$ cat query22.pdb   # PDB, C-alpha atoms, pLDDT in the B column
ATOM      1  CA  MET J 975     107.377  92.950 124.543  1.00 91.00           C
ATOM      2  CA  LYS J 976     106.636  93.610 120.905  1.00 96.00           C
ATOM      3  CA  PRO J 977     109.624  94.947 118.948  1.00 97.00           C
ATOM      4  CA  LEU J 978     109.711  98.543 117.729  1.00 98.00           C
ATOM      5  CA  ALA J 979     110.460  98.888 114.006  1.00 98.00           C
ATOM      6  CA  ALA J 980     111.249 102.187 112.280  1.00 98.00           C
ATOM      7  CA  VAL J 981     110.161 102.681 108.667  1.00 98.00           C
ATOM      8  CA  VAL J 982     111.951 105.491 106.834  1.00 98.00           C
ATOM      9  CA  ALA J 983     112.877 106.646 103.336  1.00 98.00           C
ATOM     10  CA  ILE J 984     116.243 108.416 103.269  1.00 98.00           C
ATOM     11  CA  ALA J 985     117.817 110.359 100.412  1.00 98.00           C
ATOM     12  CA  GLU J 986     121.553 110.120  99.694  1.00 97.00           C
ATOM     13  CA  ASN J 987     122.101 113.341 101.661  1.00 97.00           C
ATOM     14  CA  GLY J 988     120.134 112.137 104.712  1.00 97.00           C
ATOM     15  CA  VAL J 989     116.994 114.142 103.872  1.00 98.00           C
ATOM     16  CA  ILE J 990     113.691 112.577 104.920  1.00 97.00           C
ATOM     17  CA  GLY J 991     111.447 115.600 104.339  1.00 96.00           C
ATOM     18  CA  ARG J 992     110.992 119.157 103.124  1.00 96.00           C
ATOM     19  CA  ASP J 993     108.198 121.538 104.112  1.00 95.00           C
ATOM     20  CA  ASN J 994     106.485 118.686 105.976  1.00 92.00           C
ATOM     21  CA  ARG J 995     106.335 116.506 102.861  1.00 93.00           C
ATOM     22  CA  LEU J 996     108.407 113.861 101.129  1.00 94.00           C
ATOM     23  CA  PRO J 997     110.609 115.604  98.550  1.00 96.00           C
ATOM     24  CA  TRP J 998     110.005 112.795  96.038  1.00 97.00           C
ATOM     25  CA  HIS J 999     107.245 110.493  94.885  1.00 95.00           C
ATOM     26  CA  ILE J1000     108.015 106.795  94.801  1.00 96.00           C
ATOM     27  CA  SER J1001     104.812 104.837  94.343  1.00 95.00           C
ATOM     28  CA  SER J1002     106.654 101.554  94.971  1.00 95.00           C
ATOM     29  CA  ASP J1003     107.807 102.796  98.378  1.00 96.00           C
ATOM     30  CA  LEU J1004     104.283 103.879  99.359  1.00 95.00           C
ATOM     31  CA  LYS J1005     103.080 100.335  98.587  1.00 96.00           C
ATOM     32  CA  HIS J1006     106.012  98.922 100.588  1.00 97.00           C
ATOM     33  CA  PHE J1007     105.120 101.189 103.548  1.00 97.00           C
ATOM     34  CA  LYS J1008     101.521  99.998 103.417  1.00 97.00           C
ATOM     35  CA  ALA J1009     102.576  96.328 103.363  1.00 97.00           C
ATOM     36  CA  LEU J1010     104.922  96.838 106.344  1.00 98.00           C
ATOM     37  CA  THR J1011     102.406  98.718 108.470  1.00 98.00           C
ATOM     38  CA  LEU J1012      98.995  97.136 107.841  1.00 97.00           C
ATOM     39  CA  GLY J1013      97.405  95.737 110.994  1.00 97.00           C
ATOM     40  CA  LYS J1014      99.952  97.364 113.293  1.00 98.00           C
ATOM     41  CA  PRO J1015     100.016 100.375 115.612  1.00 98.00           C
ATOM     42  CA  VAL J1016     101.905 103.228 113.938  1.00 98.00           C
ATOM     43  CA  ILE J1017     103.572 105.950 116.036  1.00 98.00           C
ATOM     44  CA  MET J1018     104.208 109.324 114.420  1.00 97.00           C
ATOM     45  CA  GLY J1019     104.519 112.973 115.263  1.00 96.00           C
ATOM     46  CA  ARG J1020     101.713 115.452 114.718  1.00 95.00           C
ATOM     47  CA  LYS J1021     103.391 117.122 111.727  1.00 93.00           C
ATOM     48  CA  THR J1022     103.910 113.756 110.030  1.00 94.00           C
ATOM     49  CA  PHE J1023     100.273 112.881 110.677  1.00 95.00           C
ATOM     50  CA  ALA J1024      99.163 116.241 109.255  1.00 92.00           C
ATOM     51  CA  SER J1025     101.305 115.671 106.148  1.00 91.00           C
ATOM     52  CA  LEU J1026      99.379 112.471 105.401  1.00 90.00           C
ATOM     53  CA  GLY J1027      96.143 114.397 105.190  1.00 83.00           C
ATOM     54  CA  ARG J1028      94.078 111.432 106.359  1.00 89.00           C
ATOM     55  CA  VAL J1029      93.889 108.442 108.685  1.00 91.00           C
ATOM     56  CA  LEU J1030      95.720 105.452 107.214  1.00 92.00           C
ATOM     57  CA  PRO J1031      93.228 102.611 106.752  1.00 93.00           C
ATOM     58  CA  GLY J1032      93.969  99.257 108.374  1.00 95.00           C
ATOM     59  CA  ARG J1033      96.371 100.691 110.939  1.00 95.00           C
ATOM     60  CA  GLU J1034      96.004 102.270 114.363  1.00 96.00           C
ATOM     61  CA  THR J1035      97.684 105.655 114.508  1.00 97.00           C
ATOM     62  CA  ILE J1036      99.287 107.006 117.671  1.00 98.00           C
ATOM     63  CA  VAL J1037     100.157 110.702 117.335  1.00 97.00           C
ATOM     64  CA  VAL J1038     102.729 112.267 119.654  1.00 97.00           C
ATOM     65  CA  THR J1039     102.196 115.994 120.206  1.00 96.00           C
ATOM     66  CA  ARG J1040     102.640 118.682 122.825  1.00 93.00           C
ATOM     67  CA  ASP J1041      99.932 120.722 121.080  1.00 92.00           C
ATOM     68  CA  ARG J1042      97.023 120.545 123.512  1.00 88.00           C
ATOM     69  CA  ALA J1043      94.728 122.094 120.879  1.00 90.00           C
ATOM     70  CA  PHE J1044      95.322 119.183 118.463  1.00 91.00           C
ATOM     71  CA  SER J1045      91.999 117.499 117.775  1.00 89.00           C
ATOM     72  CA  PRO J1046      92.471 114.181 115.980  1.00 89.00           C
ATOM     73  CA  PRO J1047      89.933 112.449 113.774  1.00 90.00           C
ATOM     74  CA  ALA J1048      88.031 109.498 115.241  1.00 87.00           C
ATOM     75  CA  GLY J1049      90.150 106.419 115.781  1.00 86.00           C
ATOM     76  CA  VAL J1050      93.458 108.274 116.248  1.00 95.00           C
ATOM     77  CA  PHE J1051      95.152 108.014 119.646  1.00 96.00           C
ATOM     78  CA  VAL J1052      96.984 111.062 121.008  1.00 96.00           C
ATOM     79  CA  VAL J1053      99.775 111.061 123.588  1.00 97.00           C
ATOM     80  CA  THR J1054     102.004 113.870 124.831  1.00 95.00           C
ATOM     81  CA  ASP J1055     105.384 112.123 124.924  1.00 95.00           C
ATOM     82  CA  PRO J1056     107.331 109.336 123.205  1.00 96.00           C
ATOM     83  CA  GLN J1057     107.342 107.036 126.261  1.00 96.00           C
ATOM     84  CA  ALA J1058     103.545 107.169 126.443  1.00 97.00           C
ATOM     85  CA  ALA J1059     103.453 106.347 122.717  1.00 98.00           C
ATOM     86  CA  LEU J1060     105.574 103.229 123.303  1.00 97.00           C
ATOM     87  CA  GLU J1061     103.416 102.087 126.201  1.00 98.00           C
ATOM     88  CA  LEU J1062     100.213 102.579 124.216  1.00 98.00           C
ATOM     89  CA  GLY J1063     101.839 100.963 121.169  1.00 98.00           C
ATOM     90  CA  GLN J1064     102.607  97.864 123.252  1.00 98.00           C
ATOM     91  CA  ARG J1065      99.015  97.603 124.480  1.00 98.00           C
ATOM     92  CA  ARG J1066      97.570  98.148 121.009  1.00 97.00           C
ATOM     93  CA  ALA J1067      99.989  95.639 119.391  1.00 98.00           C
ATOM     94  CA  GLU J1068      98.893  93.028 121.930  1.00 97.00           C
ATOM     95  CA  ALA J1069      95.198  93.787 121.300  1.00 96.00           C
ATOM     96  CA  LEU J1070      95.689  93.646 117.514  1.00 96.00           C
ATOM     97  CA  GLY J1071      97.897  90.557 117.584  1.00 97.00           C
ATOM     98  CA  ALA J1072     100.513  92.596 115.691  1.00 98.00           C
ATOM     99  CA  ALA J1073     104.074  91.304 115.477  1.00 97.00           C
ATOM    100  CA  GLU J1074     105.629  94.732 115.990  1.00 98.00           C
ATOM    101  CA  ILE J1075     105.022  98.428 116.602  1.00 98.00           C
ATOM    102  CA  ILE J1076     105.892 100.819 113.768  1.00 98.00           C
ATOM    103  CA  LEU J1077     107.728 104.113 114.223  1.00 98.00           C
ATOM    104  CA  ALA J1078     106.974 106.256 111.155  1.00 97.00           C
ATOM    105  CA  GLY J1079     108.635 109.585 111.941  1.00 94.00           C
ATOM    106  CA  GLY J1080     109.249 112.407 111.541  1.00 94.00           C
ATOM    107  CA  ALA J1081     112.737 113.477 112.445  1.00 96.00           C
ATOM    108  CA  GLU J1082     111.926 114.571 116.016  1.00 95.00           C
ATOM    109  CA  ILE J1083     110.198 111.268 116.857  1.00 96.00           C
ATOM    110  CA  PHE J1084     113.034 109.281 115.261  1.00 97.00           C
ATOM    111  CA  ARG J1085     115.548 111.210 117.404  1.00 96.00           C
ATOM    112  CA  ALA J1086     113.511 110.572 120.558  1.00 96.00           C
ATOM    113  CA  LEU J1087     113.027 106.827 120.057  1.00 97.00           C
ATOM    114  CA  LEU J1088     115.797 105.553 117.792  1.00 96.00           C
ATOM    115  CA  ASP J1089     117.712 104.070 120.730  1.00 94.00           C
ATOM    116  CA  ARG J1090     114.628 101.881 121.425  1.00 96.00           C
ATOM    117  CA  VAL J1091     114.246 100.587 117.848  1.00 97.00           C
ATOM    118  CA  ASP J1092     114.887  96.869 117.267  1.00 97.00           C
ATOM    119  CA  ARG J1093     114.474  96.798 113.492  1.00 98.00           C
ATOM    120  CA  LEU J1094     114.895  99.292 110.649  1.00 98.00           C
ATOM    121  CA  TYR J1095     113.064  99.154 107.326  1.00 98.00           C
ATOM    122  CA  VAL J1096     114.962 101.658 105.185  1.00 98.00           C
ATOM    123  CA  THR J1097     114.253 102.809 101.659  1.00 98.00           C
ATOM    124  CA  TYR J1098     117.388 104.435 100.267  1.00 98.00           C
ATOM    125  CA  VAL J1099     116.326 106.966  97.632  1.00 98.00           C
ATOM    126  CA  ALA J1100     118.817 107.720  94.837  1.00 98.00           C
ATOM    127  CA  LEU J1101     118.319 111.488  95.041  1.00 97.00           C
ATOM    128  CA  SER J1102     119.867 114.371  97.012  1.00 97.00           C
ATOM    129  CA  PRO J1103     117.030 116.870  97.294  1.00 97.00           C
ATOM    130  CA  PRO J1104     117.060 119.954  99.472  1.00 97.00           C
ATOM    131  CA  GLY J1105     115.308 119.329 102.760  1.00 97.00           C
ATOM    132  CA  ASP J1106     114.685 120.496 106.298  1.00 96.00           C
ATOM    133  CA  ALA J1107     114.174 117.138 108.026  1.00 96.00           C
ATOM    134  CA  PHE J1108     117.013 114.630 108.333  1.00 97.00           C
ATOM    135  CA  PHE J1109     117.323 111.102 109.683  1.00 97.00           C
ATOM    136  CA  PRO J1110     119.422 111.193 112.867  1.00 96.00           C
ATOM    137  CA  PRO J1111     122.971 109.812 112.730  1.00 93.00           C
ATOM    138  CA  LEU J1112     123.253 106.120 113.581  1.00 93.00           C
ATOM    139  CA  ASP J1113     126.138 103.971 114.737  1.00 93.00           C
ATOM    140  CA  TRP J1114     125.785 101.436 111.916  1.00 93.00           C
ATOM    141  CA  SER J1115     128.173  99.028 113.691  1.00 95.00           C
ATOM    142  CA  LYS J1116     125.240  98.271 116.013  1.00 96.00           C
ATOM    143  CA  TRP J1117     123.056  97.124 113.110  1.00 97.00           C
ATOM    144  CA  GLU J1118     123.132  94.046 110.896  1.00 97.00           C
ATOM    145  CA  GLU J1119     121.720  94.242 107.390  1.00 98.00           C
ATOM    146  CA  ILE J1120     119.496  91.226 106.758  1.00 98.00           C
ATOM    147  CA  ARG J1121     117.980  92.167 103.390  1.00 98.00           C
ATOM    148  CA  ARG J1122     118.880  94.436 100.472  1.00 98.00           C
ATOM    149  CA  GLU J1123     116.729  94.737  97.374  1.00 98.00           C
ATOM    150  CA  PRO J1124     117.721  97.304  94.688  1.00 98.00           C
ATOM    151  CA  HIS J1125     115.046  98.649  92.319  1.00 97.00           C
ATOM    152  CA  ALA J1126     115.196 100.674  89.122  1.00 97.00           C
ATOM    153  CA  PRO J1127     112.525 103.368  89.029  1.00 95.00           C
ATOM    154  CA  GLY J1128     109.169 101.968  87.984  1.00 91.00           C
ATOM    155  CA  LYS J1129     105.980 103.700  86.939  1.00 91.00           C
ATOM    156  CA  GLY J1130     105.233 106.467  89.444  1.00 87.00           C
ATOM    157  CA  ASP J1131     108.785 106.493  90.848  1.00 94.00           C
ATOM    158  CA  ASP J1132     110.935 109.644  90.745  1.00 95.00           C
ATOM    159  CA  ALA J1133     114.178 107.716  91.311  1.00 97.00           C
ATOM    160  CA  ALA J1134     115.855 104.370  91.783  1.00 98.00           C
ATOM    161  CA  PHE J1135     115.751 103.031  95.331  1.00 98.00           C
ATOM    162  CA  VAL J1136     116.861 100.199  97.591  1.00 98.00           C
ATOM    163  CA  PHE J1137     114.816  98.433 100.259  1.00 98.00           C
ATOM    164  CA  ALA J1138     117.118  97.405 103.124  1.00 98.00           C
ATOM    165  CA  ASP J1139     116.186  95.784 106.436  1.00 98.00           C
ATOM    166  CA  TYR J1140     118.349  95.855 109.550  1.00 98.00           C
ATOM    167  CA  VAL J1141     118.185  94.311 113.004  1.00 98.00           C
ATOM    168  CA  ARG J1142     119.925  95.697 116.050  1.00 97.00           C
ATOM    169  CA  ARG J1143     122.989  93.728 117.119  1.00 94.00           C
ATOM    170  CA  HIS J1144     122.877  92.767 120.780  1.00 81.00           C
ATOM    171  CA  ALA J1145     126.160  92.509 122.664  1.00 68.00           C
TER     172      ALA J1145
END

$ encode --input "query22.pdb" --output "structure tokens"
Amino acid sequence: MKPLAAVVAIAENGVIGRDNRLPWHISSDLKHFKALTLGKPVIMGRKTFASLGRVLPGRETIVVTRDRAFSPPAGVFVVTDPQAALELGQRRAEALGAAEIILAGGAEIFRALLDRVDRLYVTYVALSPPGDAFFPPLDWSKWEEIRREPHAPGKGDDAAFVFADYVRRHA
């Protein structure tokens, strides 16, 4: 079984989105997301997919939606529930030779699958913007931080940020 890894950017107040968009622009984090996800199957909800405005090159996208009228662009897989997304993600990861399956949000998909995630790639954003999408609460005692990399804002970054990686502790 290929591990499931969630990739998320979280503001200080837990916000991950507003009006179906990121409430900040951090160019460095977009590059980090691309590096983490290239060559892997990426599971996301329909609203998250719509917010991207395009198919992400070099990745296979699996969109979870109950909207039967949703018509994806060529090359995008559509499933109706999170379990089906995981099963398809496993098959596609095997076919691609990918090391892991990526869970890219949004909030509803994170809530549905967070208990299945083996690894977290978190970008902590040094802002507290208003928002309407939040990362679900986690029992952090079940996670071990294995990397932390603070960054001052660079060109194209609205704020300072920290890249942190976690693995699930197994009893």

$ closest_residue --input "query22.pdb" --among "J:Arg1121, J:Arg1033, J:Arg1042, J:His1144" --to "Ala1009 of chain J" --atoms "only C-alpha atoms"
J:Arg1033

$ resolve_selection --input "query22.pdb" --expression "the PyMOL selection byres ((chain J and resi 1039) around 6)" --output "PyMOL selection string"
chain J and resi 1020+1038+1040-1041+1054

$ residues_near_point --input "query22.pdb" --point "(114.9, 102.4, 104.1)" --cutoff "9 Å" --atoms "only C-alpha atoms" --output "ChimeraX atom specification"
/J:980-984,1094-1099,1135-1139

$ atom_distance --input "query22.pdb" --atom1 "atom CA of Gly1013 of chain J" --atom2 "atom CA of Leu1112 of chain J"
28.0 Å

$ closest_residue --input "query22.pdb" --among "J:Asp1132, J:Glu1074, J:Asp993, J:Asp1089" --to "Lys1021 of chain J" --atoms "all atoms listed in the file"
J:Asp993

$ resolve_selection --input "query22.pdb" --expression "the PyMOL selection byres ((chain J and resi 1090-1093) around 6)" --output "MDAnalysis selection string"
chainID J and resid 977:979 1087:1089 1094 1140:1142

$ write_last_selection --input "query22.pdb" --atoms "C-alpha atoms" --output "PDB file, in the coordinates of the input"
ATOM      1  CA  PRO J 977     109.624  94.947 118.948  1.00 97.00           C
ATOM      2  CA  LEU J 978     109.711  98.543 117.729  1.00 98.00           C
ATOM      3  CA  ALA J 979     110.460  98.888 114.006  1.00 98.00           C
ATOM      4  CA  LEU J1087     113.027 106.827 120.057  1.00 97.00           C
ATOM      5  CA  LEU J1088     115.797 105.553 117.792  1.00 96.00           C
ATOM      6  CA  ASP J1089     117.712 104.070 120.730  1.00 94.00           C
ATOM      7  CA  LEU J1094     114.895  99.292 110.649  1.00 98.00           C
ATOM      8  CA  TYR J1140     118.349  95.855 109.550  1.00 98.00           C
ATOM      9  CA  VAL J1141     118.185  94.311 113.004  1.00 98.00           C
ATOM     10  CA  ARG J1142     119.925  95.697 116.050  1.00 97.00           C
TER      11      ARG J1142
END

$ resolve_selection --input "query22.pdb" --expression "the PyMOL selection byres ((chain J and resi 1127-1131) around 8)" --output "short mmCIF file (atom, residue, chain, number, x, y, z; two decimals) with C-alpha atoms, keeping the file's coordinate frame"
data_model
loop_
_atom_site.label_atom_id
_atom_site.label_comp_id
_atom_site.auth_asym_id
_atom_site.auth_seq_id
_atom_site.Cartn_x
_atom_site.Cartn_y
_atom_site.Cartn_z
CA HIS J 999 107.24 110.49 94.88
CA ILE J 1000 108.02 106.80 94.80
CA SER J 1001 104.81 104.84 94.34
CA SER J 1002 106.65 101.55 94.97
CA HIS J 1125 115.05 98.65 92.32
CA ALA J 1126 115.20 100.67 89.12
CA ASP J 1132 110.94 109.64 90.74
CA ALA J 1133 114.18 107.72 91.31
CA ALA J 1134 115.86 104.37 91.78
CA PHE J 1135 115.75 103.03 95.33
#

$ residues_near_point --input "query22.pdb" --point "(118.3, 114.0, 112.0)" --cutoff "10 Å" --atoms "all atoms listed in the file" --output "NGL selection string"
:J and (988-990 or 1080-1085 or 1106-1112)
